[in-house]
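Below is one structure; the comments refer to it alone.
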Amino acid sequence: MTQETLKENGGQSVMAANGMWEGAPGDPMRDIVITGVTKTFPPQGKRGAVQALDRIDLVVKDREFVTLLGPSGCGKSTLLRMIGGLETPTTGTITHKNKVVDGPGSDRGMVFQSYTLFPWLTVRKNIQFGLEQQGKVDTPQIEQIADSYVDLVGLRGFEDLYPKSLSGGMKQRVAIARALAANPDVLLLDEPFAALDMQTRIVMQELLLRVWQKSPTTIVMVTHGIDEAILLADRTVVMSARPGRIKEIMDIDIPRPRDYETRRTPEFLAYRDHAADLIREESFKTAEQGK
Amino acid sequence: MVPIESGERKLAFPGEESRIRPGGDGGATAAASVNEPLPAAPKMTLGHRLREAFTPKASIGKVPTVLLGVAAFVLILAVWSLLSYGGFVDPLFLPSPAKTWASAVTMFSGGFVVDIWATVYRVMGGFIIAAVIGVPLGVLVGAYAPVSAFLSPLFSFLRYMPASAFIPLFIFWIGLDEKEKMAIIILGSLPQIVLMVANNIASVDRSLIEASYTLGTTRASVLWKIIFHKTLPDIVDTLRIVLGWAWTYVIVAELVGASSGIGYTILQAQRTVLVGKIFVGILTLGIIGLIVDNVLVWASKALFPWREE
C-alpha cells in the first residue's frame, strides 16, 4: 500500500481485515543510508572547533521506527538535522531514496521540541500548510485530509483555534499532524516530548504509537528518555558521548501493537536496564569531559 | 484574560499559611474538608490590600487601574489650579485652567482646525512615504545578510544625525513648502523604520523557518509566507512607535520657516505672549497622539487575534 492511498483513506487503511497491525516490510529503495558521516562545527569566538559526530554508519529501513538515544551533547540532534537536510555532513554522505540529501524537503517531515506551529494559522490551517505548499492536491481534498488528521490526533473541536490557546501537548499533536499530513516518506522527531510534563508525555507516546501503527512511515526520533526510546522503537541506536559514535544498536523484539502495559513486561524491563547501563557509562564520560 | 478581582489573588507567604488554611494534621484535615463547609476567608484590612497591591508583578483590578490613571491627570490639574488661582505664579506665565479653556474655544472657532489639518497632513504624508520605503527595506535588511551588511551601517549613521539639523539645508535645497516638512519627517523616520523592522524580522525563530522548509516551503517564498506573516504585528508596533517620533519632527520643522500648522501656532503665540495658546497647542498634540495611538493598538488587536502575548 502506498502513502497516497493511505492518506486518501485518512490514514486508516493499514489495519488488516482482522484489525491487527500488519507490520508490513518496507521498500529498500526508500531506506535512509548514512555512510561515514562526521560533523565538525567550526570554531566560534573563544570556543574551538567541536567534533559532534564521528564516523556514523547506519541504515534506517523504510517504515522502520528508529530512536536515537544518548547523553546530551552526543550529536544525536545534529544527525537528525542532517537527515532532514538542515545541516550538512563535514564528511560522508546521507542518501534517501538513492539520492544524496542536500537540503530540506517535504519528503522528510520534522517535528521540533519547540512546537514551531505557525501562530497566525488555525489548527486546521497549520495541518493543511504542507499540502498547500506542495500544490499537488486540490483544496477540497486537502480539507478532507486535514480533517482526518484532526481526528487522528484527537483535536476535534479545537480545529479553529489559534496555537496560542493550546497547551503544550496539544501544540505538539498539531505539529505531528501537520508533519504527517504533508505526506512525508520519513518523519523526523527531535525530542518532541521533552518540553512536556510527564503525564502528557506518556499520553503523547501512546498517541504516536497508535498513529504509527495505523500508518507506519519511517520514523527517526531523538530522545533522552530511555523508556520512550524502547517503548516506541524497532531499533534503538545508543550513542556515545562527544564526539558521538554509535555505541550499540539494540533490536527491540517486543511484539506490536504495544501500549502502556508494555512497560511492565519483563522484556521491556530488560531492554531498559541494558540501555540505562550503556547511557550511564557515557554520561559519566560526559561529566569527566566537563571537568 | 479574565480580570482578577483585587481581593481574590492571594500569594501565600510563609507564616501566613495558617491564617489561610487552619491547621490540623494533614490527612484528617483533607478528609474532613470534603464534608464540612470551608472556613470563610479572613476579612482583608487596608494594610493587607496595600501589601498585596505592592507585591512585585501582582495585578490590581480594572477599577483601581482606571481610577489611578485618572487620578494622575486630576493631580496635575489640581496643582495647576493651585498655582494659578492661588496667585503663586504670574498669569502672564501660567494662565489659569479657565483662561486656557477660553483660549481653546477662541482658537477652535477661529482657524486652528486648519492648522491642525496642516500638521496632520505633513505627518501622515511624510510618515506614509517613509513606511512605504522603509518597511520593505527593513524586511530585506533583516532577512538577507548581504543587504544588511550594505545598508545597516549607513542607516545606523543616518539615525544619529538629528533630522532637525537638516532643516536649514532642506530649506536651502527644497524651499519652505510642504515638501521640505515632509522631507524632514522622512529623514527622521526612515532610518528608524528600516533598523527596527530589520530587528523585528531577525527575531523570527529559526526553527519556524526550518519547519516550513520540511513542509515544502521554498527558499524564495519563505520570506513572504513565513517571516513576513510572523512579523507583521511587530512591524505594526514599530510603525506606531515611529509615528510618535514623527510628530516631534513635524513640530520642529514647523517652528522654522512655516506659515501654518500647530508648531507655527505655538511659535506665534510665544511671539505675542499668549501662553494660553501655547498650552492649547501642546495639549492638542498630546490628545491627537493619544487618540492615534489607541486606535492603532485597537486595530492591531483586531487584525492579529492570533498574536501570542
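Chain lettering (A, B, ...) mirrors the order of the C-alpha cells, residue numbering begins at 1 for each chain separately, and ligand numbering begins at 1 in order of display.
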Task: chain A residues near chain B (7 Å cut-off, only C-alpha atoms) as a ChimeraX atom specification - done: /A:104-106,108-110,116,119-120,130,133-134,162,164,179,182
Write the residues you've just listed into a file as a short mmCIF file (atom, residue, chain, number, x, y, z; two decimals), in the first residue's frame, and include N, CA, C and O atoms for each of them.
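What ended up in part29.cif:
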```cif
data_model
loop_
_atom_site.label_atom_id
_atom_site.label_comp_id
_atom_site.auth_asym_id
_atom_site.auth_seq_id
_atom_site.Cartn_x
_atom_site.Cartn_y
_atom_site.Cartn_z
N PRO A 104 16.64 20.55 2.90
CA PRO A 104 15.35 20.09 3.42
C PRO A 104 14.32 19.91 2.32
O PRO A 104 14.44 20.53 1.26
N GLY A 105 13.35 19.06 2.56
CA GLY A 105 12.30 18.85 1.58
C GLY A 105 11.10 18.21 2.24
O GLY A 105 11.19 17.65 3.33
N SER A 106 9.97 18.29 1.56
CA SER A 106 8.73 17.83 2.17
C SER A 106 8.65 16.30 2.24
O SER A 106 7.71 15.77 2.82
N ARG A 108 10.79 14.66 3.87
CA ARG A 108 11.29 14.37 5.23
C ARG A 108 10.69 15.39 6.20
O ARG A 108 11.23 16.47 6.39
N GLY A 109 9.56 15.05 6.77
CA GLY A 109 8.87 15.95 7.70
C GLY A 109 9.59 15.98 9.04
O GLY A 109 10.27 15.02 9.40
N MET A 110 9.43 17.07 9.76
CA MET A 110 10.16 17.18 11.02
C MET A 110 9.28 17.79 12.10
O MET A 110 8.47 18.68 11.84
N THR A 116 7.01 24.94 17.09
CA THR A 116 7.14 25.60 15.78
C THR A 116 5.85 25.63 14.96
O THR A 116 5.87 25.50 13.75
N PRO A 119 1.84 30.65 14.21
CA PRO A 119 0.86 31.22 15.14
C PRO A 119 -0.29 31.94 14.45
O PRO A 119 -1.35 32.09 15.03
N TRP A 120 -0.10 32.38 13.21
CA TRP A 120 -1.17 33.13 12.53
C TRP A 120 -2.17 32.22 11.84
O TRP A 120 -3.14 32.69 11.25
N GLY A 130 1.37 22.09 4.70
CA GLY A 130 2.29 21.35 3.84
C GLY A 130 1.69 21.03 2.48
O GLY A 130 2.31 21.26 1.44
N GLN A 133 1.44 24.02 0.32
CA GLN A 133 2.73 24.42 -0.23
C GLN A 133 3.08 23.59 -1.46
O GLN A 133 3.58 24.08 -2.44
N GLN A 134 2.78 22.29 -1.35
CA GLN A 134 3.17 21.40 -2.44
C GLN A 134 2.27 21.58 -3.66
O GLN A 134 2.71 21.37 -4.79
N TYR A 162 -6.42 29.23 17.41
CA TYR A 162 -5.03 29.57 17.10
C TYR A 162 -4.12 28.87 18.11
O TYR A 162 -4.52 28.61 19.25
N LYS A 164 -1.98 29.84 20.09
CA LYS A 164 -1.74 30.49 21.39
C LYS A 164 -2.69 29.97 22.47
O LYS A 164 -2.37 30.04 23.65
N ALA A 179 3.02 17.54 10.25
CA ALA A 179 4.10 16.86 9.56
C ALA A 179 3.57 15.66 8.78
O ALA A 179 3.94 15.45 7.62
N ALA A 182 1.47 16.38 5.49
CA ALA A 182 2.24 16.76 4.31
C ALA A 182 2.73 15.53 3.56
O ALA A 182 3.41 15.65 2.54
#
```
Open item on the list: Give me, as a PyMOL selection string, the residues of segment 170-256 of chain A that a backbone DSSP run labels strand (DSSP E or B).
Closed with: chain A and resi 186-190+218-223+235-239+244+246-251
- [ ] Please provide the set of residues having any atom within 10 Å of Pro97 of chain B, restricted to only C-alpha atoms, with same-chain residues fewer than 3 positions apart removed, written as a PyMOL selection string.
- [x] chain B and resi 77-78+80-81+84-85+94+100-103+276+279
Task: Selection near segment 264-274 of chain B, 6 Å with only C-alpha atoms, sequence-local residues under 4 positions removed, as JSON, numbers by chain - done: {"B": [254, 255, 260, 278, 281]}
Task: Which of A:Pro28, A:Pro184, A:Pro243, A:Pro255 sits closest to Leu231 of chain A [using only C-alpha atoms] - done: A:Pro255
- [ ] Excluding Arg263 of chain A and any residue of its chain fewer than 3 positions from it, enumerate the residues within 8 Å of it, using only C-alpha atoms, and give them as a ChimeraX atom specification.
- [x] /A:227,231,259-260,268-269
Open item on the list: Going by DSSP on the backbone, which residues of segment 19-196 of chain A come out as helix (DSSP H, G or I)? List them as number ranges by chain.
Closed with: A: 28-30, 76-83, 123-134, 139-152, 163-165, 168-181
TODO: Within 9 Å of segment 39-55 of chain A, counting only C-alpha atoms, which residues show up once you throw out same-chain ones fewer than 4 positions away? Write them as number ranges by chain, please.
DONE: A: 35, 73-76, 78-79, 88-92, 242-246
Open item on the list: At a cut-off of 6 Å, using only C-alpha atoms, what residues contact Arg235 of chain A? Leave out same-chain residues fewer than 2 positions from it and give the result as a PyMOL selection string.
Closed with: chain A and resi 66+233+250-252
Keeping only N, CA and C atoms, take the residues you just selected and write them out as a PDB file, in the first residue's frame.
```pdb
ATOM      1  N   VAL A  66      13.057   4.099  14.337  1.00  0.00           N
ATOM      2  CA  VAL A  66      14.357   4.075  14.981  1.00  0.00           C
ATOM      3  C   VAL A  66      14.438   5.220  15.983  1.00  0.00           C
ATOM      4  N   ALA A 233      10.378   1.990  19.672  1.00  0.00           N
ATOM      5  CA  ALA A 233      11.259   1.690  18.548  1.00  0.00           C
ATOM      6  C   ALA A 233      11.259   0.241  18.087  1.00  0.00           C
ATOM      7  N   MET A 250      20.369  -1.568  19.449  1.00  0.00           N
ATOM      8  CA  MET A 250      19.555  -2.580  20.127  1.00  0.00           C
ATOM      9  C   MET A 250      18.329  -2.910  19.275  1.00  0.00           C
ATOM     10  N   ASP A 251      18.160  -4.183  18.934  1.00  0.00           N
ATOM     11  CA  ASP A 251      16.915  -4.593  18.280  1.00  0.00           C
ATOM     12  C   ASP A 251      15.869  -4.799  19.359  1.00  0.00           C
ATOM     13  N   ILE A 252      14.774  -4.084  19.263  1.00  0.00           N
ATOM     14  CA  ILE A 252      13.755  -4.193  20.307  1.00  0.00           C
ATOM     15  C   ILE A 252      12.713  -5.208  19.849  1.00  0.00           C
TER      16      ILE A 252
END
```
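Interatomic distance, atom CA of Glu180 of chain B to atom CA of Leu243 of chain B: 17.9 Å.
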